Each structure stands twice: as structure tokens, then as C-alpha cells.
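Novice: Enclosed is the structure file data.csv (CSV, C-alpha atoms).
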```csv
chain,number,residue,atom,x,y,z
A,26,MET,CA,-12.3,19.4,26.1
A,27,GLU,CA,-9.3,17.3,27.3
A,28,ASN,CA,-9.8,14.9,24.4
A,29,GLU,CA,-9.7,17.6,21.8
A,30,LYS,CA,-6.3,18.6,23.1
A,31,TYR,CA,-5.0,15.1,23.0
A,32,LEU,CA,-6.5,14.5,19.5
A,33,GLN,CA,-4.8,17.6,18.3
A,34,ASP,CA,-1.5,16.4,19.9
A,35,LEU,CA,-1.8,13.1,18.1
A,36,SER,CA,-2.4,14.7,14.7
A,37,GLU,CA,0.4,17.1,15.2
A,38,ILE,CA,2.8,14.2,16.1
A,39,LYS,CA,1.8,12.4,12.9
A,40,GLN,CA,2.2,15.5,10.8
A,41,MET,CA,5.6,16.3,12.3
A,42,MET,CA,6.9,12.7,11.7
A,43,HIS,CA,5.8,12.8,8.1
A,44,ARG,CA,7.0,16.3,7.3
A,45,SER,CA,10.4,15.9,8.9
A,46,SER,CA,11.2,12.5,7.3
A,47,ARG,CA,9.8,12.8,3.8
A,48,PHE,CA,10.1,15.3,1.0
A,49,ILE,CA,6.5,16.1,0.2
A,50,SER,CA,6.7,18.9,-2.3
A,51,LEU,CA,7.2,16.7,-5.3
A,52,SER,CA,5.0,18.1,-8.1
A,53,GLY,CA,2.6,15.8,-9.9
A,54,LEU,CA,2.5,18.0,-13.0
A,55,SER,CA,6.2,17.4,-13.6
A,56,GLY,CA,5.4,13.7,-14.1
A,57,VAL,CA,3.0,14.7,-16.9
A,58,PHE,CA,5.6,16.8,-18.6
A,59,ALA,CA,8.3,14.1,-18.2
A,60,GLY,CA,5.9,11.8,-19.9
A,61,PHE,CA,5.3,14.1,-22.8
A,62,TYR,CA,9.1,14.6,-23.3
A,63,ALA,CA,9.6,10.9,-23.3
A,64,ILE,CA,7.0,10.2,-25.9
A,65,LEU,CA,8.3,13.1,-28.1
A,66,GLY,CA,11.8,11.7,-27.6
A,67,ALA,CA,10.7,8.2,-28.6
A,68,ILE,CA,9.0,9.6,-31.8
A,69,ILE,CA,12.2,11.5,-32.8
A,70,ALA,CA,14.2,8.4,-32.1
A,71,LYS,CA,12.0,6.3,-34.3
A,72,ILE,CA,12.4,8.9,-37.1
A,73,LEU,CA,16.1,8.9,-36.7
A,74,ILE,CA,16.3,5.2,-36.8
A,75,SER,CA,14.2,4.8,-39.9
A,76,ARG,CA,16.0,7.6,-41.6
A,77,ASN,CA,19.2,5.7,-41.1
A,78,ARG,CA,17.5,2.9,-42.9
A,79,PHE,CA,17.7,0.2,-40.5
A,80,ASN,CA,15.0,-1.8,-38.8
A,81,TYR,CA,14.9,-1.5,-35.1
A,82,GLU,CA,12.8,-4.7,-35.3
A,83,ASP,CA,15.8,-6.5,-36.8
A,84,PHE,CA,17.6,-5.8,-33.6
A,85,SER,CA,18.2,-9.0,-31.8
A,86,ALA,CA,20.0,-9.1,-28.5
A,87,PHE,CA,23.3,-9.0,-30.3
A,88,SER,CA,23.9,-7.2,-33.5
A,89,GLU,CA,27.1,-5.6,-34.4
A,90,LYS,CA,26.6,-5.2,-38.1
A,91,ASN,CA,23.8,-2.7,-37.6
A,92,LEU,CA,25.8,-0.4,-35.4
A,93,ASN,CA,26.3,3.0,-36.8
A,94,ASN,CA,28.4,5.4,-34.7
A,95,ASP,CA,26.6,8.6,-36.0
A,96,LEU,CA,23.2,7.2,-35.1
A,97,ILE,CA,24.3,6.1,-31.7
A,98,PHE,CA,25.7,9.5,-31.0
A,99,GLN,CA,22.4,11.2,-32.1
A,100,LEU,CA,20.4,8.8,-30.0
A,101,LEU,CA,22.6,9.4,-26.9
A,102,LEU,CA,22.3,13.2,-27.4
A,103,LEU,CA,18.5,12.9,-27.8
A,104,ALA,CA,18.3,10.8,-24.6
A,105,LEU,CA,20.4,13.4,-22.8
A,106,VAL,CA,18.1,16.3,-24.0
A,107,VAL,CA,15.0,14.4,-22.8
A,108,LEU,CA,16.6,13.7,-19.4
A,109,ILE,CA,17.7,17.3,-18.9
A,110,LEU,CA,14.3,18.7,-20.0
A,111,ALA,CA,12.4,16.3,-17.7
A,112,ILE,CA,14.6,16.9,-14.6
A,113,GLY,CA,14.6,20.7,-15.3
A,114,THR,CA,10.8,20.8,-15.5
A,115,ALA,CA,10.5,18.7,-12.3
A,116,VAL,CA,12.9,20.9,-10.4
A,117,PHE,CA,11.2,24.1,-11.6
A,118,LEU,CA,7.6,22.9,-10.8
A,119,THR,CA,8.6,21.4,-7.5
A,120,THR,CA,10.4,24.5,-6.4
A,121,ARG,CA,7.3,26.5,-7.3
A,122,LYS,CA,5.1,24.2,-5.3
A,123,ALA,CA,7.4,24.3,-2.3
A,124,LYS,CA,7.5,28.0,-2.4
A,125,LYS,CA,3.7,28.2,-2.5
A,126,ASN,CA,3.4,26.0,0.5
A,127,LYS,CA,6.2,27.8,2.2
A,128,GLN,CA,8.3,24.7,2.6
A,129,LYS,CA,12.0,24.6,2.3
A,130,ILE,CA,13.3,23.1,-0.9
A,131,TRP,CA,16.9,22.1,-0.1
A,132,ASP,CA,17.0,20.4,3.3
A,133,SER,CA,18.0,17.0,4.6
A,134,THR,CA,14.9,15.4,3.3
A,135,THR,CA,15.6,16.6,-0.2
A,136,ARG,CA,19.2,15.6,0.0
A,137,ARG,CA,18.2,12.1,1.1
A,138,LEU,CA,15.6,11.8,-1.7
A,139,VAL,CA,18.1,12.9,-4.4
A,140,ILE,CA,20.9,10.6,-3.1
A,141,ASN,CA,18.6,7.6,-2.8
A,142,PHE,CA,17.0,8.1,-6.2
A,143,PHE,CA,20.1,8.7,-8.2
A,144,THR,CA,22.3,6.0,-6.8
A,145,PRO,CA,20.4,3.1,-8.4
A,146,LEU,CA,19.7,5.2,-11.5
A,147,ALA,CA,23.4,6.0,-12.0
A,148,ALA,CA,24.4,2.4,-11.6
A,149,GLY,CA,21.7,1.5,-14.2
A,150,GLY,CA,22.9,4.2,-16.6
A,151,ILE,CA,26.5,3.0,-16.4
A,152,PHE,CA,25.3,-0.6,-16.9
A,153,CYS,CA,23.4,0.5,-20.0
A,154,LEU,CA,26.5,2.1,-21.5
A,155,VAL,CA,28.3,-1.2,-20.9
A,156,LEU,CA,25.6,-3.0,-22.8
A,157,LEU,CA,26.1,-0.5,-25.6
A,158,GLU,CA,29.8,-1.2,-25.5
A,159,TYR,CA,29.2,-4.9,-26.1
A,160,SER,CA,26.5,-4.1,-28.7
A,161,LEU,CA,23.8,-5.7,-26.6
A,162,ILE,CA,21.4,-3.1,-27.9
A,163,GLY,CA,18.2,-5.1,-27.4
A,164,PHE,CA,18.7,-5.1,-23.7
A,165,ILE,CA,19.2,-1.4,-23.2
A,166,ALA,CA,15.5,-0.4,-23.2
A,167,PRO,CA,14.4,-3.1,-20.8
A,168,CYS,CA,17.4,-2.4,-18.6
A,169,MET,CA,16.5,1.3,-18.4
A,170,LEU,CA,13.0,0.4,-17.4
A,171,LEU,CA,14.2,-2.1,-14.8
A,172,PHE,CA,16.7,0.2,-13.1
A,173,TYR,CA,14.3,3.2,-13.3
A,174,GLY,CA,11.7,1.1,-11.5
A,175,LEU,CA,14.1,0.1,-8.8
A,176,ALA,CA,15.2,3.7,-8.3
A,177,LEU,CA,11.6,4.8,-7.9
A,178,ILE,CA,10.8,2.0,-5.4
A,179,HIS,CA,13.9,3.0,-3.4
A,180,ALA,CA,13.1,6.7,-3.5
A,181,SER,CA,9.5,6.2,-2.5
A,182,LYS,CA,10.6,5.7,1.1
A,183,TYR,CA,11.8,9.3,1.2
A,184,THR,CA,8.9,11.0,-0.5
A,185,LEU,CA,5.3,10.5,-1.5
A,186,GLY,CA,4.6,6.7,-1.1
A,187,GLU,CA,2.6,6.5,-4.3
A,188,LEU,CA,5.9,6.7,-6.2
A,189,ARG,CA,6.3,3.0,-5.4
A,190,SER,CA,3.4,2.0,-7.7
A,191,LEU,CA,5.0,3.7,-10.6
A,192,GLY,CA,8.2,1.9,-9.7
A,193,TYR,CA,6.6,-1.5,-9.7
A,194,ALA,CA,4.8,-0.8,-13.0
A,195,ASN,CA,8.1,0.1,-14.7
A,196,LEU,CA,9.8,-2.9,-13.1
A,197,VAL,CA,7.2,-5.3,-14.5
A,198,LEU,CA,7.2,-3.6,-17.9
A,199,GLY,CA,11.0,-3.9,-18.0
A,200,LEU,CA,10.8,-7.6,-17.4
A,201,ILE,CA,8.1,-8.1,-20.0
A,202,ALA,CA,10.2,-6.0,-22.5
A,203,THR,CA,13.1,-8.5,-22.3
A,204,GLN,CA,10.8,-11.1,-24.0
A,205,PHE,CA,10.0,-8.8,-26.9
A,206,MET,CA,13.4,-7.8,-28.0
A,207,GLY,CA,12.7,-5.8,-31.2
A,208,TYR,CA,10.1,-3.6,-29.6
A,209,GLY,CA,12.2,-1.8,-26.9
A,210,LEU,CA,11.3,1.6,-28.2
A,211,TYR,CA,7.6,1.0,-27.8
A,212,PHE,CA,8.0,-0.4,-24.3
A,213,TRP,CA,10.3,2.6,-23.5
A,214,ALA,CA,7.6,5.0,-24.7
A,215,LEU,CA,4.9,3.2,-22.7
A,216,GLY,CA,6.9,3.1,-19.4
A,217,PHE,CA,8.6,6.5,-19.5
A,218,GLY,CA,5.8,8.3,-21.4
A,219,VAL,CA,2.3,6.9,-20.8
A,220,PHE,CA,3.0,5.6,-17.2
A,221,HIS,CA,4.4,9.0,-16.2
A,222,ILE,CA,1.4,10.9,-17.6
A,223,ILE,CA,-1.1,8.6,-15.8
A,224,TYR,CA,0.9,8.8,-12.6
A,225,GLY,CA,1.3,12.6,-12.9
A,226,ILE,CA,-2.4,13.2,-13.4
A,227,TRP,CA,-3.2,10.9,-10.5
A,228,MET,CA,-0.8,12.7,-8.2
A,229,TYR,CA,-1.9,16.1,-9.4
A,230,ASN,CA,-5.5,15.4,-8.6
A,231,LYS,CA,-4.7,13.9,-5.3
A,232,HIS,CA,-2.1,16.4,-3.9
A,233,ASP,CA,-1.6,19.5,-6.0
A,234,ARG,CA,-5.1,20.6,-6.9
A,235,LYS,CA,-6.3,20.4,-3.4
A,236,SER,CA,-3.6,22.7,-2.1
A,237,ALA,CA,-4.1,25.1,-5.1
A,238,LEU,CA,-7.7,25.7,-4.1
B,20,MET,CA,-8.8,4.5,34.4
B,21,LYS,CA,-6.0,5.4,36.8
B,22,ASN,CA,-3.3,3.4,35.1
B,23,ILE,CA,-4.1,4.9,31.8
B,24,ILE,CA,-3.5,8.4,33.1
B,25,SER,CA,-0.4,7.4,34.9
B,26,ASN,CA,1.1,6.5,31.5
B,27,ILE,CA,0.6,10.0,30.2
B,28,ASN,CA,4.0,11.6,30.5
B,29,LYS,CA,4.2,15.1,31.9
B,30,ALA,CA,7.5,15.6,30.2
B,31,PHE,CA,5.8,15.5,26.8
B,32,ASP,CA,2.9,17.8,27.8
B,33,HIS,CA,3.8,20.6,25.6
B,34,ARG,CA,3.5,21.2,21.9
B,35,ILE,CA,7.2,21.9,21.3
B,36,ARG,CA,8.4,18.9,23.3
B,37,LEU,CA,5.9,16.7,21.5
B,38,GLY,CA,7.2,18.1,18.2
B,39,ILE,CA,10.9,17.6,19.1
B,40,MET,CA,10.3,13.9,20.1
B,41,SER,CA,8.2,13.2,17.0
B,42,VAL,CA,10.9,14.5,14.7
B,43,LEU,CA,13.6,12.5,16.6
B,44,MET,CA,11.6,9.3,16.5
B,45,VAL,CA,11.6,9.1,12.7
B,46,ASN,CA,15.0,10.7,12.0
B,47,GLU,CA,18.4,9.6,13.0
B,48,PHE,CA,19.2,13.0,14.3
B,49,ALA,CA,18.1,16.6,13.8
B,50,ASP,CA,20.1,19.8,14.3
B,51,PHE,CA,19.0,22.9,16.1
B,52,ASN,CA,18.0,24.9,13.0
B,53,THR,CA,16.1,22.0,11.5
B,54,LEU,CA,14.0,21.7,14.7
B,55,LYS,CA,13.5,25.5,14.8
B,56,GLU,CA,12.2,25.6,11.3
B,57,LEU,CA,10.0,22.5,11.5
B,58,LEU,CA,8.4,23.6,14.7
B,59,GLY,CA,8.3,27.3,14.0
B,60,ALA,CA,9.7,28.2,17.4
B,61,THR,CA,12.2,30.7,18.7
B,62,ASP,CA,15.8,29.9,19.6
B,63,GLY,CA,15.2,30.2,23.3
B,64,ASN,CA,12.1,28.1,23.1
B,65,ILE,CA,13.9,25.2,21.5
B,66,ALA,CA,16.9,25.6,23.8
B,67,SER,CA,14.8,25.4,27.0
B,68,HIS,CA,12.6,22.5,25.8
B,69,THR,CA,15.6,20.5,24.6
B,70,LYS,CA,17.3,21.1,27.9
B,71,ALA,CA,14.2,19.8,29.8
B,72,LEU,CA,14.1,16.7,27.6
B,73,GLU,CA,17.9,16.2,28.0
B,74,LYS,CA,17.6,16.4,31.8
B,75,GLN,CA,15.1,13.5,31.7
B,76,LYS,CA,17.7,11.6,29.5
B,77,TYR,CA,15.1,11.3,26.8
B,78,ILE,CA,17.4,13.0,24.2
B,79,LYS,CA,21.1,13.2,23.7
B,80,VAL,CA,23.0,16.3,22.6
B,81,GLU,CA,26.0,16.2,20.4
B,82,LYS,CA,28.1,19.3,19.8
B,83,SER,CA,30.5,19.5,16.9
B,84,PHE,CA,31.9,21.9,14.4
B,85,ILE,CA,31.0,22.1,10.7
B,86,ASN,CA,33.4,24.3,8.9
B,87,ARG,CA,34.3,26.0,12.2
B,88,LYS,CA,30.7,26.8,12.8
B,89,PRO,CA,29.3,25.2,15.9
B,90,ASN,CA,26.6,22.7,15.2
B,91,THR,CA,24.3,21.1,17.7
B,92,ARG,CA,22.5,17.9,16.9
B,93,TYR,CA,19.9,16.1,18.9
B,94,LEU,CA,19.2,12.3,19.1
B,95,ALA,CA,16.5,10.4,20.9
B,96,THR,CA,17.8,8.0,23.4
B,97,GLU,CA,16.4,4.4,23.8
B,98,LYS,CA,14.8,5.6,27.1
B,99,GLY,CA,13.2,8.5,25.3
B,100,LYS,CA,11.9,6.5,22.5
B,101,LYS,CA,10.3,4.0,24.9
B,102,ALA,CA,8.8,6.7,27.0
B,103,PHE,CA,7.4,8.5,24.0
B,104,GLN,CA,5.9,5.4,22.6
B,105,GLU,CA,4.2,4.7,25.9
B,106,HIS,CA,2.9,8.2,25.9
B,107,LEU,CA,1.5,7.8,22.4
B,108,ASP,CA,-0.1,4.5,23.3
B,109,ALA,CA,-1.7,6.1,26.4
B,110,LEU,CA,-3.1,9.0,24.4
B,111,GLU,CA,-4.6,6.6,21.9
B,112,LYS,CA,-6.1,4.4,24.5
B,113,LEU,CA,-7.6,7.3,26.3
B,114,LEU,CA,-9.1,8.7,23.1
B,115,SER,CA,-10.5,5.3,22.0
B,116,LYS,CA,-12.1,4.8,25.4
B,117,ASP,CA,-13.8,8.2,25.4
B,118,ILE,CA,-15.1,7.7,21.8
B,119,SER,CA,-16.6,4.3,22.8
B,120,ILE,CA,-18.3,5.9,25.8
B,121,GLU,CA,-19.7,8.7,23.6
B,122,LYS,CA,-21.0,6.1,21.2
B,123,LYS,CA,-22.8,4.2,24.0
B,124,LYS,CA,-24.4,7.5,25.2
B,125,LYS,CA,-25.9,8.0,21.7
```
Here is a file; write its structure as C-alpha cells.
Specialist:
Amino acid sequence: MENEKYLQDLSEIKQMMHRSSRFISLSGLSGVFAGFYAILGAIIAKILISRNRFNYEDFSAFSEKNLNNDLIFQLLLLALVVLILAIGTAVFLTTRKAKKNKQKIWDSTTRRLVINFFTPLAAGGIFCLVLLEYSLIGFIAPCMLLFYGLALIHASKYTLGELRSLGYANLVLGLIATQFMGYGLYFWALGFGVFHIIYGIWMYNKHDRKSAL
Amino acid sequence: MKNIISNINKAFDHRIRLGIMSVLMVNEFADFNTLKELLGATDGNIASHTKALEKQKYIKVEKSFINRKPNTRYLATEKGKKAFQEHLDALEKLLSKDISIEKKKK
């Protein structure tokens, strides 16, 4: 009898430590959606690039002559749309999940997660714009993967720990991508698309479906 | 056996107090409302249990104003962290001992 009480105490302590320090409502399904948007975006980017009749494969690390301001504007716009769609879906699905589990959405754990995720990401984003400024186009895709991976690893301390695996995968992929300069778009689609979908399905099976039943 | 039980701290022998200490162990600080929501307790409940823990010098209370609204935040002291860790170790030891006795019986 006594033991049961102590056992319960211990499990409650554990749960309280977890719940108060980590944001645990992150939806797995939103990862799947983000992946789809990324692949769709990559396909559209590919079409845009080939329509402008230049070869992405020609892109070396440094190529000024191929730069076309219209195309760059279109690609930036496309990237922005993909980003907004992915974040919007994630916010929507996560809010729904938190509501279903009667957890608060905006509290100190959420704030901590958001700050810690977006700081490295914003630094990476600005750095990528600098690369664009100097026409180092070939490095942009690997850099996005690298910084995204670092942001995920950093954020995983404040939410579900499994996010770290996705971070490492993107980090390694980003480093590999630096060695295959012309194929940035494919690496980008693999990292932001395929990896997200695999991770999303994994997380959905592990956390979401159980609680939905 | 005796020394194991002596490590179990009476100050933590309540669900709410355990909860308060657990939250303060892994967070830098927590304010009154956060504790209230996390533990699902009433105002008076939290107030009296934090007071009890404060009396033991296990937690520290900081009062300040955020936009003219009073805000109370709680922090675990070094003494409190140490005491709580000892309490946890004692609980775990007690349980593992009992489990091994049960296994022997079987």
C-alpha cells in the first residue's frame, strides 16, 4: 500500500518535470504537411528554373552571369509561400491538439521553444540572403539545410526529444550537399520534404494516434 | 531500513508540495498562476503550500510588478534542491528494496 503511494509520487514528479519544462503539444501531422509543401515548392521551383532556360546544374558555387532578377524574385516569393503554409499548418494543427488535450498553447514553454527555434533559423536566413547578395547561389541550399538542422537540434531541448534526430539528419545532409553543388534543389527536397514526411509519420504514430484513441 | 526512512522528508509529503518542487527543479522560476494551472490547485492551496515550503527555506519568493500588476515568482533554493533530491533518492531506494523482496518471495 505504502509503496503504491510512493510509486505514484515518483511518476507524478516525473510527469510534472516534463510537462512544466517542455512544450509537448507539437503535432506530428504538421511535419507531414510541411514535407508535402516543400516537395511541391521544389517541383514548382524546378519548373520556374527550367522555364527561364537555365540549367541549375550549371550553377557552380559562383556564377553571376546566370543571375536573373525576375527569377530570383519568383523563387524568393515561392520560398516565402512555402514557409508561411508550413508554419500556418503547424500552428493550426498544434493548437487543435493542445485544445484536445486541454493544454495551454501560449505559455512559458511555448515561448521558450519559439525563441530557441527561430534564433538560429533567422541567423541562417539572413546568412543565406548574404550568400545571394554575393551570388554564391550554390551554397544557399546546403546552408538552409545546415542552419535548419542546427535550429532543430537546439529546439529539441524544449520540446519532444525526437526532433533532434531530424536535426542531425538535416545537418548531415546539408554537409553532403556542399559536395554536390549543382544538385541543391534535390537535396533541399529530400531534407525539407522527404525527411519531414518520415519524421511526421513517425511522430504521429508515436504520440498523436495514441492520444486520439 | 531505519536510515532510509529518515531520508524521506515530511515536508514533501503532499501531492501539491511534491508538484511545486518538481516544477521548480527543472525551471529557473515559476509564477503563481503557472503553478496553479500545472497542478490544478486552488489559490489558497498553492498559497499555503508555498508558505510551508518557504518556511523551511526550500523555496524563495520574489515579488515584483509586471505592468503594475503584482507578480509573485517562486525559485527553489540550493537547500531545497538538495533536500528534494535526497527525498527522491530515498523514495527510489525504498521502492527498489521492496521490489527485490517481492521477487524473492516469488
Novice: Given all atoms listed in the file as the basis, pick out the residue of A:Ile222, A:Val107, A:Tyr173, A:Ile165 nearest to Leu210 in chain A.
Specialist: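 Ranked by minimum distance to Leu210 in chain A, first place goes to A:Ile165.
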Novice: CA of Leu105 in chain A and CA of Arg136 in chain A, how far apart in Å?
Specialist: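 Computing it gives 22.9 Å between the two atoms.
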Novice: Once you count all atoms listed in the file, which residues of chain A turn out to be within 8 Å of chain B? Could you give them as a ChimeraX atom specification?
Specialist: /A:28,31-32,34-35,37-39,41-42,45-46
Novice: With all atoms listed in the file as the counted atoms, please give the residues lying no more than 8 Å from range 65-76 of chain B, apart from itself and same-chain residues fewer than 5 positions off, as a ChimeraX atom specification.
Specialist: /B:30,35-36,39,51,54-55,60,96,98-99
Novice: From the options A:Leu110, A:Ala176, A:Leu185, A:Ala166, which residue's atoms come nearest to Gln204 in chain A, counting all atoms listed in the file?
Specialist: A:Ala166
Novice: Choose the residue, out of A:Ile72, A:Met169, A:Leu191, A:Ala214, that has the smallest atom-to-atom separation from Leu96 in chain A; count all atoms listed in the file.
Specialist: A:Ile72
Novice: Please measure the separation of CA of Leu171 in chain A and CA of Ser75 in chain A, giving the value in Å to one decimal.
Specialist: 26.0 Å
Novice: If I take CA of Gly199 in chain A and CA of Gly149 in chain A, how far is one from the other in Å, to one decimal?
Specialist: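 Between these atoms lies a distance of 12.6 Å.
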Novice: List as number ranges by chain the protein and nucleic acid residues near Arg121 in chain A, meaning an atom at most 12 Å away when all atoms listed in the file are counted, but skip any in the same chain fewer than 6 places from it.
Specialist: A: 50-55, 114-115, 127-130, 233, 237
Novice: May I ask which of the residues A:Leu175, A:Leu101, A:Ile223, A:Leu170 is the closest one to Ile201 in chain A, counting only C-alpha atoms?
Specialist: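 Of all the options, A:Leu170 lies closest to Ile201 in chain A.
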Novice: Please determine, counting only C-alpha atoms, which residue among B:Asn26, B:Asp62, B:Asp50, B:Gln104 has the shortest atom-to-atom distance to Arg92 in chain B.
Specialist: B:Asp50
